[in-house]
$ cat start.pdb   # PDB, C-alpha atoms
ATOM      1  CA  MET A  13     132.021  37.397 -25.374
ATOM      2  CA  ALA A  14     132.402  40.978 -26.565
ATOM      3  CA  PHE A  15     129.981  43.528 -25.237
ATOM      4  CA  ASP A  16     126.998  43.846 -27.612
ATOM      5  CA  ILE A  17     126.880  47.563 -28.412
ATOM      6  CA  GLU A  18     123.846  47.383 -30.662
ATOM      7  CA  GLU A  19     121.821  45.537 -28.073
ATOM      8  CA  TRP A  20     122.810  48.115 -25.434
ATOM      9  CA  TYR A  21     121.957  50.985 -27.777
ATOM     10  CA  ASN A  22     118.540  49.534 -28.614
ATOM     11  CA  GLU A  23     117.857  49.136 -24.916
ATOM     12  CA  VAL A  24     118.611  52.779 -24.041
ATOM     13  CA  ASN A  25     117.172  54.262 -27.235
ATOM     14  CA  ASN A  26     113.553  54.349 -26.104
ATOM     15  CA  GLY A  27     111.150  56.696 -24.348
ATOM     16  CA  ASP A  28     110.839  60.387 -25.149
ATOM     17  CA  VAL A  29     114.019  60.572 -27.223
ATOM     18  CA  VAL A  30     115.097  64.060 -28.338
ATOM     19  CA  LEU A  31     117.992  62.768 -30.402
ATOM     20  CA  SER A  32     119.897  59.524 -30.722
ATOM     21  CA  HIS A  33     122.910  58.565 -32.752
ATOM     22  CA  TYR A  34     124.862  55.431 -33.605
ATOM     23  CA  GLY A  35     127.860  55.780 -35.908
ATOM     24  CA  ALA A  36     130.434  58.225 -37.175
ATOM     25  CA  ILE A  37     130.739  61.599 -35.506
ATOM     26  CA  THR A  38     132.173  64.716 -37.158
ATOM     27  CA  ALA A  39     132.439  68.407 -36.245
ATOM     28  CA  ASN A  40     129.807  69.293 -38.845
ATOM     29  CA  ALA A  41     127.487  66.547 -37.639
ATOM     30  CA  ILE A  42     127.754  67.945 -34.096
ATOM     31  CA  THR A  43     126.623  71.363 -35.348
ATOM     32  CA  LEU A  44     123.539  69.816 -36.947
ATOM     33  CA  MET A  45     122.872  67.639 -33.889
ATOM     34  CA  LEU A  46     122.964  70.694 -31.614
ATOM     35  CA  ASP A  47     120.424  72.421 -33.881
ATOM     36  CA  ASP A  48     118.159  69.362 -33.668
ATOM     37  CA  ILE A  49     118.507  69.246 -29.893
ATOM     38  CA  GLU A  50     117.689  72.937 -29.540
ATOM     39  CA  GLN A  51     114.625  72.476 -31.739
ATOM     40  CA  GLY A  52     113.598  69.373 -29.762
ATOM     41  CA  LEU A  53     113.724  71.364 -26.536
ATOM     42  CA  TYR A  54     111.604  74.144 -28.060
ATOM     43  CA  ASP A  55     109.118  71.558 -29.332
ATOM     44  CA  ARG A  56     108.736  70.236 -25.780
ATOM     45  CA  ASN A  57     108.080  73.803 -24.555
ATOM     46  CA  GLU A  58     110.867  73.638 -22.013
ATOM     47  CA  LYS A  59     111.474  76.722 -19.905
ATOM     48  CA  SER A  60     114.509  78.693 -20.945
ATOM     49  CA  LYS A  61     116.458  77.792 -17.791
ATOM     50  CA  LEU A  62     116.256  74.036 -18.480
ATOM     51  CA  ARG A  63     116.627  74.525 -22.219
ATOM     52  CA  LYS A  64     119.874  76.427 -21.736
ATOM     53  CA  LYS A  65     121.229  73.951 -19.216
ATOM     54  CA  VAL A  66     120.523  70.965 -21.469
ATOM     55  CA  TYR A  67     121.971  72.730 -24.517
ATOM     56  CA  ASN A  68     125.117  73.783 -22.692
ATOM     57  CA  VAL A  69     125.716  70.296 -21.326
ATOM     58  CA  MET A  70     125.141  68.847 -24.801
ATOM     59  CA  VAL A  71     127.753  71.162 -26.343
ATOM     60  CA  GLU A  72     130.329  69.934 -23.837
ATOM     61  CA  ALA A  73     129.278  66.289 -23.934
ATOM     62  CA  LEU A  74     129.259  66.025 -27.743
ATOM     63  CA  GLN A  75     132.527  67.922 -28.143
ATOM     64  CA  ASN A  76     134.013  65.665 -25.452
ATOM     65  CA  LEU A  77     132.962  62.612 -27.473
ATOM     66  CA  PHE A  78     134.473  64.121 -30.608
ATOM     67  CA  HIS A  79     137.784  65.070 -28.999
ATOM     68  CA  HIS A  80     138.351  62.351 -26.413
ATOM     69  CA  ALA A  81     136.885  59.092 -27.719
ATOM     70  CA  ASP A  82     139.733  56.771 -28.651
ATOM     71  CA  LEU A  83     140.259  55.362 -32.107
ATOM     72  CA  PRO A  84     137.922  52.324 -32.201
ATOM     73  CA  PRO A  85     138.903  48.732 -33.030
ATOM     74  CA  GLN A  86     139.579  47.956 -36.703
ATOM     75  CA  ASN A  87     136.228  46.224 -37.363
ATOM     76  CA  VAL A  88     134.427  49.398 -36.214
ATOM     77  CA  ILE A  89     136.739  51.669 -38.237
ATOM     78  CA  ASP A  90     135.987  49.581 -41.333
ATOM     79  CA  LYS A  91     132.286  50.195 -40.856
ATOM     80  CA  PHE A  92     132.056  53.718 -39.410
ATOM     81  CA  GLY A  93     135.438  55.426 -39.769
ATOM     82  CA  GLU A  94     137.816  56.643 -37.120
ATOM     83  CA  LYS A  95     135.362  58.603 -34.989
ATOM     84  CA  PHE A  96     132.638  56.403 -33.589
ATOM     85  CA  ALA A  97     130.170  57.312 -30.874
ATOM     86  CA  THR A  98     126.672  56.497 -29.748
ATOM     87  CA  PHE A  99     124.349  58.571 -27.638
ATOM     88  CA  VAL A 100     120.750  59.067 -26.619
ATOM     89  CA  LEU A 101     119.307  62.281 -25.199
ATOM     90  CA  LYS A 102     115.879  61.765 -23.695
ATOM     91  CA  LYS A 103     113.353  63.402 -21.473
ATOM     92  CA  GLU A 104     112.883  61.324 -18.331
ATOM     93  CA  GLY A 105     110.229  63.409 -16.626
ATOM     94  CA  GLU A 106     109.182  66.936 -15.708
ATOM     95  CA  ASN A 107     112.331  69.129 -15.851
ATOM     96  CA  ASN A 108     114.560  66.075 -16.129
ATOM     97  CA  TYR A 109     116.674  64.843 -19.039
ATOM     98  CA  SER A 110     119.309  62.183 -19.380
ATOM     99  CA  PHE A 111     122.160  61.847 -21.832
ATOM    100  CA  ILE A 112     123.628  58.381 -22.262
ATOM    101  CA  SER A 113     126.714  57.993 -24.396
ATOM    102  CA  GLY A 114     128.962  55.127 -25.446
ATOM    103  CA  ASN A 115     132.406  55.156 -27.004
ATOM    104  CA  PHE A 116     135.593  53.106 -27.173
ATOM    105  CA  ILE A 117     138.434  53.608 -24.749
ATOM    106  CA  ARG A 118     141.766  51.833 -24.898
ATOM    107  CA  LYS A 119     142.446  49.552 -21.980
ATOM    108  CA  ASP A 120     145.428  51.594 -20.801
ATOM    109  CA  ARG A 121     143.287  54.743 -20.440
ATOM    110  CA  VAL A 122     140.457  53.172 -18.420
ATOM    111  CA  LYS A 123     142.037  53.765 -15.032
ATOM    112  CA  PHE A 124     142.783  57.416 -15.772
ATOM    113  CA  ILE A 125     139.194  58.152 -16.835
ATOM    114  CA  LYS A 126     137.702  56.129 -13.984
ATOM    115  CA  ASP A 127     139.826  57.965 -11.399
ATOM    116  CA  ARG A 128     138.939  61.326 -12.921
ATOM    117  CA  ILE A 129     135.188  60.658 -12.812
ATOM    118  CA  ASP A 130     135.338  59.169  -9.304
ATOM    119  CA  GLN A 131     137.202  62.254  -8.142
ATOM    120  CA  ILE A 132     134.578  64.588  -9.662
ATOM    121  CA  ASN A 133     131.722  62.497  -8.234
ATOM    122  CA  HIS A 134     133.142  62.873  -4.741
ATOM    123  CA  LEU A 135     133.430  66.656  -4.828
ATOM    124  CA  SER A 136     130.883  68.990  -3.249
ATOM    125  CA  PRO A 137     129.460  71.855  -5.376
ATOM    126  CA  GLU A 138     131.866  74.265  -3.647
ATOM    127  CA  GLU A 139     134.845  72.000  -4.314
ATOM    128  CA  LEU A 140     133.800  71.623  -7.970
ATOM    129  CA  LYS A 141     133.712  75.387  -8.302
ATOM    130  CA  ILE A 142     137.216  75.658  -6.864
ATOM    131  CA  LEU A 143     138.519  72.913  -9.170
ATOM    132  CA  TYR A 144     136.839  74.542 -12.178
ATOM    133  CA  LYS A 145     138.516  77.877 -11.487
ATOM    134  CA  LEU A 146     141.841  76.187 -10.846
ATOM    135  CA  ILE A 147     141.806  74.399 -14.231
ATOM    136  CA  LEU A 148     140.435  77.493 -15.976
ATOM    137  CA  ASN A 149     143.337  79.570 -14.712
ATOM    138  CA  ASN A 150     146.188  77.095 -15.183
ATOM    139  CA  ASN A 151     147.168  78.362 -18.655
ATOM    140  CA  GLU A 152     147.265  74.926 -20.184
ATOM    141  CA  PHE A 153     145.466  73.308 -23.034
ATOM    142  CA  SER A 154     145.482  69.586 -23.571
ATOM    143  CA  ASP A 155     146.883  68.216 -26.839
ATOM    144  CA  LYS A 156     143.293  67.955 -28.092
ATOM    145  CA  GLY A 157     142.558  71.639 -27.676
ATOM    146  CA  GLY A 158     140.207  71.322 -24.730
ATOM    147  CA  GLY A 159     141.173  72.540 -21.355
ATOM    148  CA  GLY A 160     140.360  69.347 -19.467
ATOM    149  CA  LEU A 161     137.437  71.308 -18.123
ATOM    150  CA  GLY A 162     134.524  69.552 -19.842
ATOM    151  CA  LEU A 163     133.632  66.927 -17.239
ATOM    152  CA  VAL A 164     134.102  69.370 -14.372
ATOM    153  CA  ASP A 165     131.923  71.953 -16.117
ATOM    154  CA  ILE A 166     129.122  69.448 -16.726
ATOM    155  CA  ALA A 167     129.189  68.241 -13.107
ATOM    156  CA  LYS A 168     129.172  71.835 -11.875
ATOM    157  CA  ARG A 169     126.187  72.738 -14.051
ATOM    158  CA  THR A 170     124.088  69.638 -13.415
ATOM    159  CA  GLY A 171     124.840  69.036  -9.742
ATOM    160  CA  HIS A 172     124.380  65.308 -10.403
ATOM    161  CA  GLU A 173     126.824  62.448 -10.127
ATOM    162  CA  TYR A 174     128.036  60.664 -13.246
ATOM    163  CA  HIS A 175     127.028  57.035 -13.680
ATOM    164  CA  TYR A 176     129.337  54.965 -15.811
ATOM    165  CA  MET A 177     130.406  51.473 -16.820
ATOM    166  CA  PHE A 178     133.395  50.117 -18.695
ATOM    167  CA  HIS A 179     132.414  47.004 -20.658
ATOM    168  CA  ASN A 180     135.098  44.675 -21.900
ATOM    169  CA  TYR A 181     135.071  44.598 -25.715
ATOM    170  CA  THR A 182     138.380  43.054 -26.773
ATOM    171  CA  ASP A 183     141.736  42.528 -25.062
ATOM    172  CA  GLU A 184     142.653  46.073 -26.017
ATOM    173  CA  PHE A 185     139.352  47.922 -25.866
ATOM    174  CA  TYR A 186     136.605  48.768 -23.456
ATOM    175  CA  PHE A 187     133.239  50.287 -24.314
ATOM    176  CA  PHE A 188     132.660  53.227 -22.023
ATOM    177  CA  CYS A 189     129.020  54.045 -21.162
ATOM    178  CA  LEU A 190     128.335  57.339 -19.405
ATOM    179  CA  LYS A 191     125.065  58.706 -18.077
ATOM    180  CA  ILE A 192     124.568  62.405 -17.352
ATOM    181  CA  THR A 193     121.436  63.617 -15.586
ATOM    182  CA  ILE A 194     120.278  67.188 -16.239
ATOM    183  CA  SER A 195     117.468  68.774 -14.260
ATOM    184  CA  THR A 196     116.360  72.075 -12.797
TER     185      THR A 196
ATOM    186  CA  MET B  14     144.610 101.305 -34.936
ATOM    187  CA  GLU B  15     142.067  99.454 -37.024
ATOM    188  CA  THR B  16     138.716  98.305 -35.716
ATOM    189  CA  LEU B  17     138.381  94.548 -35.454
ATOM    190  CA  SER B  18     135.030  93.241 -36.667
ATOM    191  CA  LEU B  19     134.193  89.551 -36.783
ATOM    192  CA  GLN B  20     130.805  88.503 -38.004
ATOM    193  CA  GLY B  21     128.974  86.024 -35.790
ATOM    194  CA  SER B  22     128.165  82.475 -36.855
ATOM    195  CA  PRO B  23     126.117  79.670 -35.231
ATOM    196  CA  LYS B  24     129.272  78.659 -33.343
ATOM    197  CA  THR B  25     131.166  81.919 -32.921
ATOM    198  CA  PRO B  26     130.245  85.316 -31.487
ATOM    199  CA  THR B  27     130.066  88.722 -33.120
ATOM    200  CA  VAL B  28     133.136  90.722 -32.165
ATOM    201  CA  GLU B  29     133.486  94.484 -32.502
ATOM    202  CA  MET B  30     136.568  96.195 -31.115
ATOM    203  CA  ASN B  31     137.070  99.901 -31.638
ATOM    204  CA  ALA B  32     140.351 101.382 -30.454
ATOM    205  CA  GLU B  33     139.235 104.984 -30.937
ATOM    206  CA  SER B  34     136.065 104.784 -28.858
ATOM    207  CA  GLY B  35     137.458 102.104 -26.534
ATOM    208  CA  VAL B  36     134.299 100.022 -26.925
ATOM    209  CA  ILE B  37     134.782  96.268 -27.094
ATOM    210  CA  GLU B  38     131.859  93.924 -27.673
ATOM    211  CA  ILE B  39     131.573  90.142 -27.762
ATOM    212  CA  LYS B  40     128.042  88.876 -28.323
ATOM    213  CA  GLY B  41     126.289  85.640 -29.212
ATOM    214  CA  ARG B  42     127.422  82.023 -29.001
ATOM    215  CA  SER B  43     130.955  80.867 -28.505
ATOM    216  CA  ILE B  44     131.031  77.109 -28.987
ATOM    217  CA  PRO B  45     133.677  76.384 -31.662
ATOM    218  CA  GLU B  46     135.614  73.098 -31.535
ATOM    219  CA  ASN B  47     138.834  75.040 -31.750
ATOM    220  CA  SER B  48     138.459  78.310 -29.916
ATOM    221  CA  ILE B  49     142.180  79.158 -29.906
ATOM    222  CA  ASP B  50     142.066  79.875 -33.652
ATOM    223  CA  PHE B  51     138.975  82.030 -33.293
ATOM    224  CA  TYR B  52     140.266  84.122 -30.380
ATOM    225  CA  ARG B  53     143.820  84.584 -31.674
ATOM    226  CA  PRO B  54     143.069  87.843 -33.616
ATOM    227  CA  VAL B  55     141.074  89.129 -30.633
ATOM    228  CA  VAL B  56     143.948  88.562 -28.199
ATOM    229  CA  ASP B  57     146.485  89.957 -30.700
ATOM    230  CA  TRP B  58     144.358  93.084 -31.179
ATOM    231  CA  LEU B  59     144.178  93.585 -27.400
ATOM    232  CA  ASP B  60     147.922  93.125 -27.144
ATOM    233  CA  LYS B  61     148.431  96.120 -29.434
ATOM    234  CA  TYR B  62     145.553  98.068 -27.907
ATOM    235  CA  SER B  63     146.980  97.752 -24.404
ATOM    236  CA  GLU B  64     150.084  99.661 -25.515
ATOM    237  CA  ASN B  65     148.041 102.784 -26.144
ATOM    238  CA  PRO B  66     144.471 102.331 -24.863
ATOM    239  CA  ALA B  67     141.599 104.841 -24.914
ATOM    240  CA  ASN B  68     141.057 106.811 -21.689
ATOM    241  CA  GLU B  69     138.081 104.659 -20.960
ATOM    242  CA  THR B  70     137.572 101.112 -22.222
ATOM    243  CA  VAL B  71     134.029  99.755 -22.085
ATOM    244  CA  VAL B  72     133.722  96.008 -22.534
ATOM    245  CA  ASN B  73     130.323  94.475 -23.206
ATOM    246  CA  ILE B  74     130.155  90.702 -22.962
ATOM    247  CA  GLN B  75     126.770  89.268 -23.841
ATOM    248  CA  LEU B  76     127.058  85.557 -24.419
ATOM    249  CA  GLU B  77     124.200  83.158 -24.803
ATOM    250  CA  TYR B  78     126.360  80.043 -24.601
ATOM    251  CA  PHE B  79     130.039  79.322 -24.375
ATOM    252  CA  ASN B  80     131.943  76.059 -24.200
ATOM    253  CA  THR B  81     134.861  75.276 -21.903
ATOM    254  CA  SER B  82     137.333  75.625 -24.744
ATOM    255  CA  SER B  83     136.139  79.243 -25.189
ATOM    256  CA  SER B  84     136.150  79.873 -21.452
ATOM    257  CA  LYS B  85     139.951  79.712 -21.364
ATOM    258  CA  CYS B  86     140.254  82.074 -24.322
ATOM    259  CA  ILE B  87     137.787  84.502 -22.745
ATOM    260  CA  LEU B  88     139.977  84.486 -19.628
ATOM    261  CA  ASP B  89     142.934  85.392 -21.862
ATOM    262  CA  VAL B  90     140.906  88.308 -23.225
ATOM    263  CA  PHE B  91     140.211  89.502 -19.685
ATOM    264  CA  LYS B  92     143.861  89.140 -18.733
ATOM    265  CA  LYS B  93     144.820  91.501 -21.565
ATOM    266  CA  LEU B  94     142.202  93.929 -20.282
ATOM    267  CA  GLU B  95     143.721  93.613 -16.843
ATOM    268  CA  THR B  96     146.896  95.107 -18.294
ATOM    269  CA  VAL B  97     144.861  98.071 -19.545
ATOM    270  CA  TYR B  98     143.208  98.346 -16.151
ATOM    271  CA  LYS B  99     146.557  98.441 -14.391
ATOM    272  CA  LYS B 100     147.701 101.151 -16.761
ATOM    273  CA  ASN B 101     144.578 103.318 -16.701
ATOM    274  CA  GLY B 102     143.409 102.822 -13.136
ATOM    275  CA  GLU B 103     139.988 102.169 -11.736
ATOM    276  CA  LYS B 104     137.979 104.306 -14.137
ATOM    277  CA  GLY B 105     139.913 103.083 -17.161
ATOM    278  CA  VAL B 106     138.121  99.783 -17.761
ATOM    279  CA  VAL B 107     134.476  98.888 -17.298
ATOM    280  CA  ILE B 108     133.388  95.305 -17.868
ATOM    281  CA  ASN B 109     129.680  94.785 -18.365
ATOM    282  CA  TRP B 110     128.739  91.114 -18.088
ATOM    283  CA  TYR B 111     125.224  90.571 -19.418
ATOM    284  CA  TYR B 112     123.091  87.559 -18.542
ATOM    285  CA  GLU B 113     119.445  86.678 -19.010
ATOM    286  CA  GLU B 114     117.348  86.825 -15.885
ATOM    287  CA  ASP B 115     116.905  83.077 -15.383
ATOM    288  CA  ASP B 116     120.413  82.128 -16.501
ATOM    289  CA  GLU B 117     122.143  81.540 -13.178
ATOM    290  CA  ASP B 118     124.925  79.564 -14.866
ATOM    291  CA  MET B 119     125.878  82.612 -16.942
ATOM    292  CA  LEU B 120     125.806  84.882 -13.879
ATOM    293  CA  GLU B 121     127.992  82.361 -12.030
ATOM    294  CA  ALA B 122     130.406  82.234 -14.959
ATOM    295  CA  GLY B 123     130.814  86.015 -14.724
ATOM    296  CA  GLU B 124     131.366  85.789 -10.992
ATOM    297  CA  ASP B 125     133.975  83.069 -11.521
ATOM    298  CA  TYR B 126     135.921  85.367 -13.860
ATOM    299  CA  GLN B 127     135.585  88.265 -11.476
ATOM    300  CA  SER B 128     137.053  86.213  -8.634
ATOM    301  CA  ILE B 129     140.091  85.240 -10.731
ATOM    302  CA  LEU B 130     140.781  88.750 -12.046
ATOM    303  CA  LYS B 131     141.555  92.092 -10.519
ATOM    304  CA  ILE B 132     139.062  94.085 -12.613
ATOM    305  CA  PRO B 133     135.589  94.920 -11.291
ATOM    306  CA  PHE B 134     132.647  93.481 -13.235
ATOM    307  CA  LYS B 135     129.223  94.982 -13.568
ATOM    308  CA  MET B 136     126.641  92.172 -13.710
ATOM    309  CA  ILE B 137     123.698  93.278 -15.815
ATOM    310  CA  GLU B 138     120.516  91.237 -15.898
ATOM    311  CA  LEU B 139     118.578  91.213 -19.158
ATOM    312  CA  GLU B 140     114.847  90.693 -19.103
ATOM    313  CA  GLU B 141     113.600  88.114 -21.554
TER     314      GLU B 141
END
$ encode --input "start.pdb" --output "structure tokens"
Amino acid sequence: MAFDIEEWYNEVNNGDVVLSHYGAITANAITLMLDDIEQGLYDRNEKSKLRKKVYNVMVEALQNLFHHADLPPQNVIDKFGEKFATFVLKKEGENNYSFISGNFIRKDRVKFIKDRIDQINHLSPEELKILYKLILNNNEFSDKGGGGLGLVDIAKRTGHEYHYMFHNYTDEFYFFCLKITIST
Amino acid sequence: METLSLQGSPKTPTVEMNAESGVIEIKGRSIPENSIDFYRPVVDWLDKYSENPANETVVNIQLEYFNTSSSKCILDVFKKLETVYKKNGEKGVVINWYYEEDDEDMLEAGEDYQSILKIPFKMIELEE
């Protein structure tokens, strides 16, 4: 049976939620979402250090979703359009936030993404810094305009491992769930 | 050479580049989806400027946020300034990298650039 995205979303969309989203994602929507997130952090009286860290990670994470989520299956396109993503940003405790996102990935890209995240998870802070500078200085942009730096940058800023799952959706598609922890 | 002035927006920084005075400023947020388009005129301006730079170039970078897509373009900006530095020598280019006192990530970002480039940076802490 296909992975039940709505059920998963309803499960994670609880607690002290700053912002959650289920549906189409556009560049303009991201701008508005970032404003809402910034306001939500002010409303919770977060110190500027945490506020900036969360905001910075959210810029990368949301732009990553926009640029790197694969075209979803046809039934999802019919309902939401070509860019579909879900996410929940919530406060988990004192100085601790989590961002949980879900998006479609084609089966043939699963291994590449899994290897990339596993590699990042295994690196020490010093190694992440070296990798970051190496990618920054390699003069290349990916075909989607990003520099392939997003995941490395987030890991470097948060100092936390990524948690992720690939859920089988159809023969061709997996639903990729990623959890980012942000704390100071 | 004409001054380059770009007004800031919620996603892009304010840019002021004056060839006569040699003062170059980039301030605000730099989080556009496509940073290459935004930084193209900046890099082009520096290309021309580096042919005949002022005796002293003062660069003030005061960013609140920047995304990874911008980080590559900002490195390109610094690489153009490196050309000016090579031409004008040690006193020819001053890079002031501003960061807010509790923003260690921004300080680290400046240090990362400094370690890649051959121009000295002055790290300047701003009190909130």
$ closest_residue --input "start.pdb" --among "B:Lys135, B:Lys24, B:Lys99, B:Arg53" --to "Tyr112 of chain B" --atoms "only C-alpha atoms"
B:Lys135
$ residues_around --input "start.pdb" --residues "Val71 of chain B" --least-positions-apart "3" --cutoff "12 Å" --atoms "only C-alpha atoms" --output "number ranges by chain"
B: 29-39, 66-68, 74, 94, 97-98, 104-110, 133-135
$ atom_distance --input "start.pdb" --atom1 "atom CA of Leu190 of chain A" --atom2 "atom CA of Glu18 of chain A"
15.7 Å
$ residues_near_point --input "start.pdb" --point "(115.7, 63.5, -28.0)" --cutoff "8 Å" --atoms "all atoms listed in the file" --output "CSV table (one decimal) with C-alpha atoms, in the frame of the given file"
chain,number,residue,atom,x,y,z
A,28,ASP,CA,110.8,60.4,-25.1
A,29,VAL,CA,114.0,60.6,-27.2
A,30,VAL,CA,115.1,64.1,-28.3
A,31,LEU,CA,118.0,62.8,-30.4
A,32,SER,CA,119.9,59.5,-30.7
A,49,ILE,CA,118.5,69.2,-29.9
A,52,GLY,CA,113.6,69.4,-29.8
A,100,VAL,CA,120.8,59.1,-26.6
A,101,LEU,CA,119.3,62.3,-25.2
A,102,LYS,CA,115.9,61.8,-23.7
A,103,LYS,CA,113.4,63.4,-21.5
$ resolve_selection --input "start.pdb" --expression "the PyMOL selection byres ((chain B) within 12 of (chain A))" --output "short mmCIF file (atom, residue, chain, number, x, y, z; two decimals) with C-alpha atoms, in the frame of the given file"
data_model
loop_
_atom_site.label_atom_id
_atom_site.label_comp_id
_atom_site.auth_asym_id
_atom_site.auth_seq_id
_atom_site.Cartn_x
_atom_site.Cartn_y
_atom_site.Cartn_z
CA SER B 22 128.16 82.48 -36.85
CA PRO B 23 126.12 79.67 -35.23
CA LYS B 24 129.27 78.66 -33.34
CA THR B 25 131.17 81.92 -32.92
CA ARG B 42 127.42 82.02 -29.00
CA SER B 43 130.96 80.87 -28.50
CA ILE B 44 131.03 77.11 -28.99
CA PRO B 45 133.68 76.38 -31.66
CA GLU B 46 135.61 73.10 -31.54
CA ASN B 47 138.83 75.04 -31.75
CA SER B 48 138.46 78.31 -29.92
CA ILE B 49 142.18 79.16 -29.91
CA ASP B 50 142.07 79.88 -33.65
CA LEU B 76 127.06 85.56 -24.42
CA GLU B 77 124.20 83.16 -24.80
CA TYR B 78 126.36 80.04 -24.60
CA PHE B 79 130.04 79.32 -24.38
CA ASN B 80 131.94 76.06 -24.20
CA THR B 81 134.86 75.28 -21.90
CA SER B 82 137.33 75.62 -24.74
CA SER B 83 136.14 79.24 -25.19
CA SER B 84 136.15 79.87 -21.45
CA LYS B 85 139.95 79.71 -21.36
CA CYS B 86 140.25 82.07 -24.32
CA ILE B 87 137.79 84.50 -22.74
CA LEU B 88 139.98 84.49 -19.63
CA ASP B 89 142.93 85.39 -21.86
CA PHE B 91 140.21 89.50 -19.68
CA LYS B 92 143.86 89.14 -18.73
CA TYR B 112 123.09 87.56 -18.54
CA GLU B 113 119.44 86.68 -19.01
CA GLU B 114 117.35 86.82 -15.88
CA ASP B 115 116.90 83.08 -15.38
CA ASP B 116 120.41 82.13 -16.50
CA GLU B 117 122.14 81.54 -13.18
CA ASP B 118 124.92 79.56 -14.87
CA MET B 119 125.88 82.61 -16.94
CA GLU B 121 127.99 82.36 -12.03
CA ALA B 122 130.41 82.23 -14.96
CA GLY B 123 130.81 86.02 -14.72
CA GLU B 124 131.37 85.79 -10.99
CA ASP B 125 133.98 83.07 -11.52
CA TYR B 126 135.92 85.37 -13.86
CA GLN B 127 135.58 88.26 -11.48
CA SER B 128 137.05 86.21 -8.63
CA ILE B 129 140.09 85.24 -10.73
CA LEU B 130 140.78 88.75 -12.05
CA GLU B 141 113.60 88.11 -21.55
#
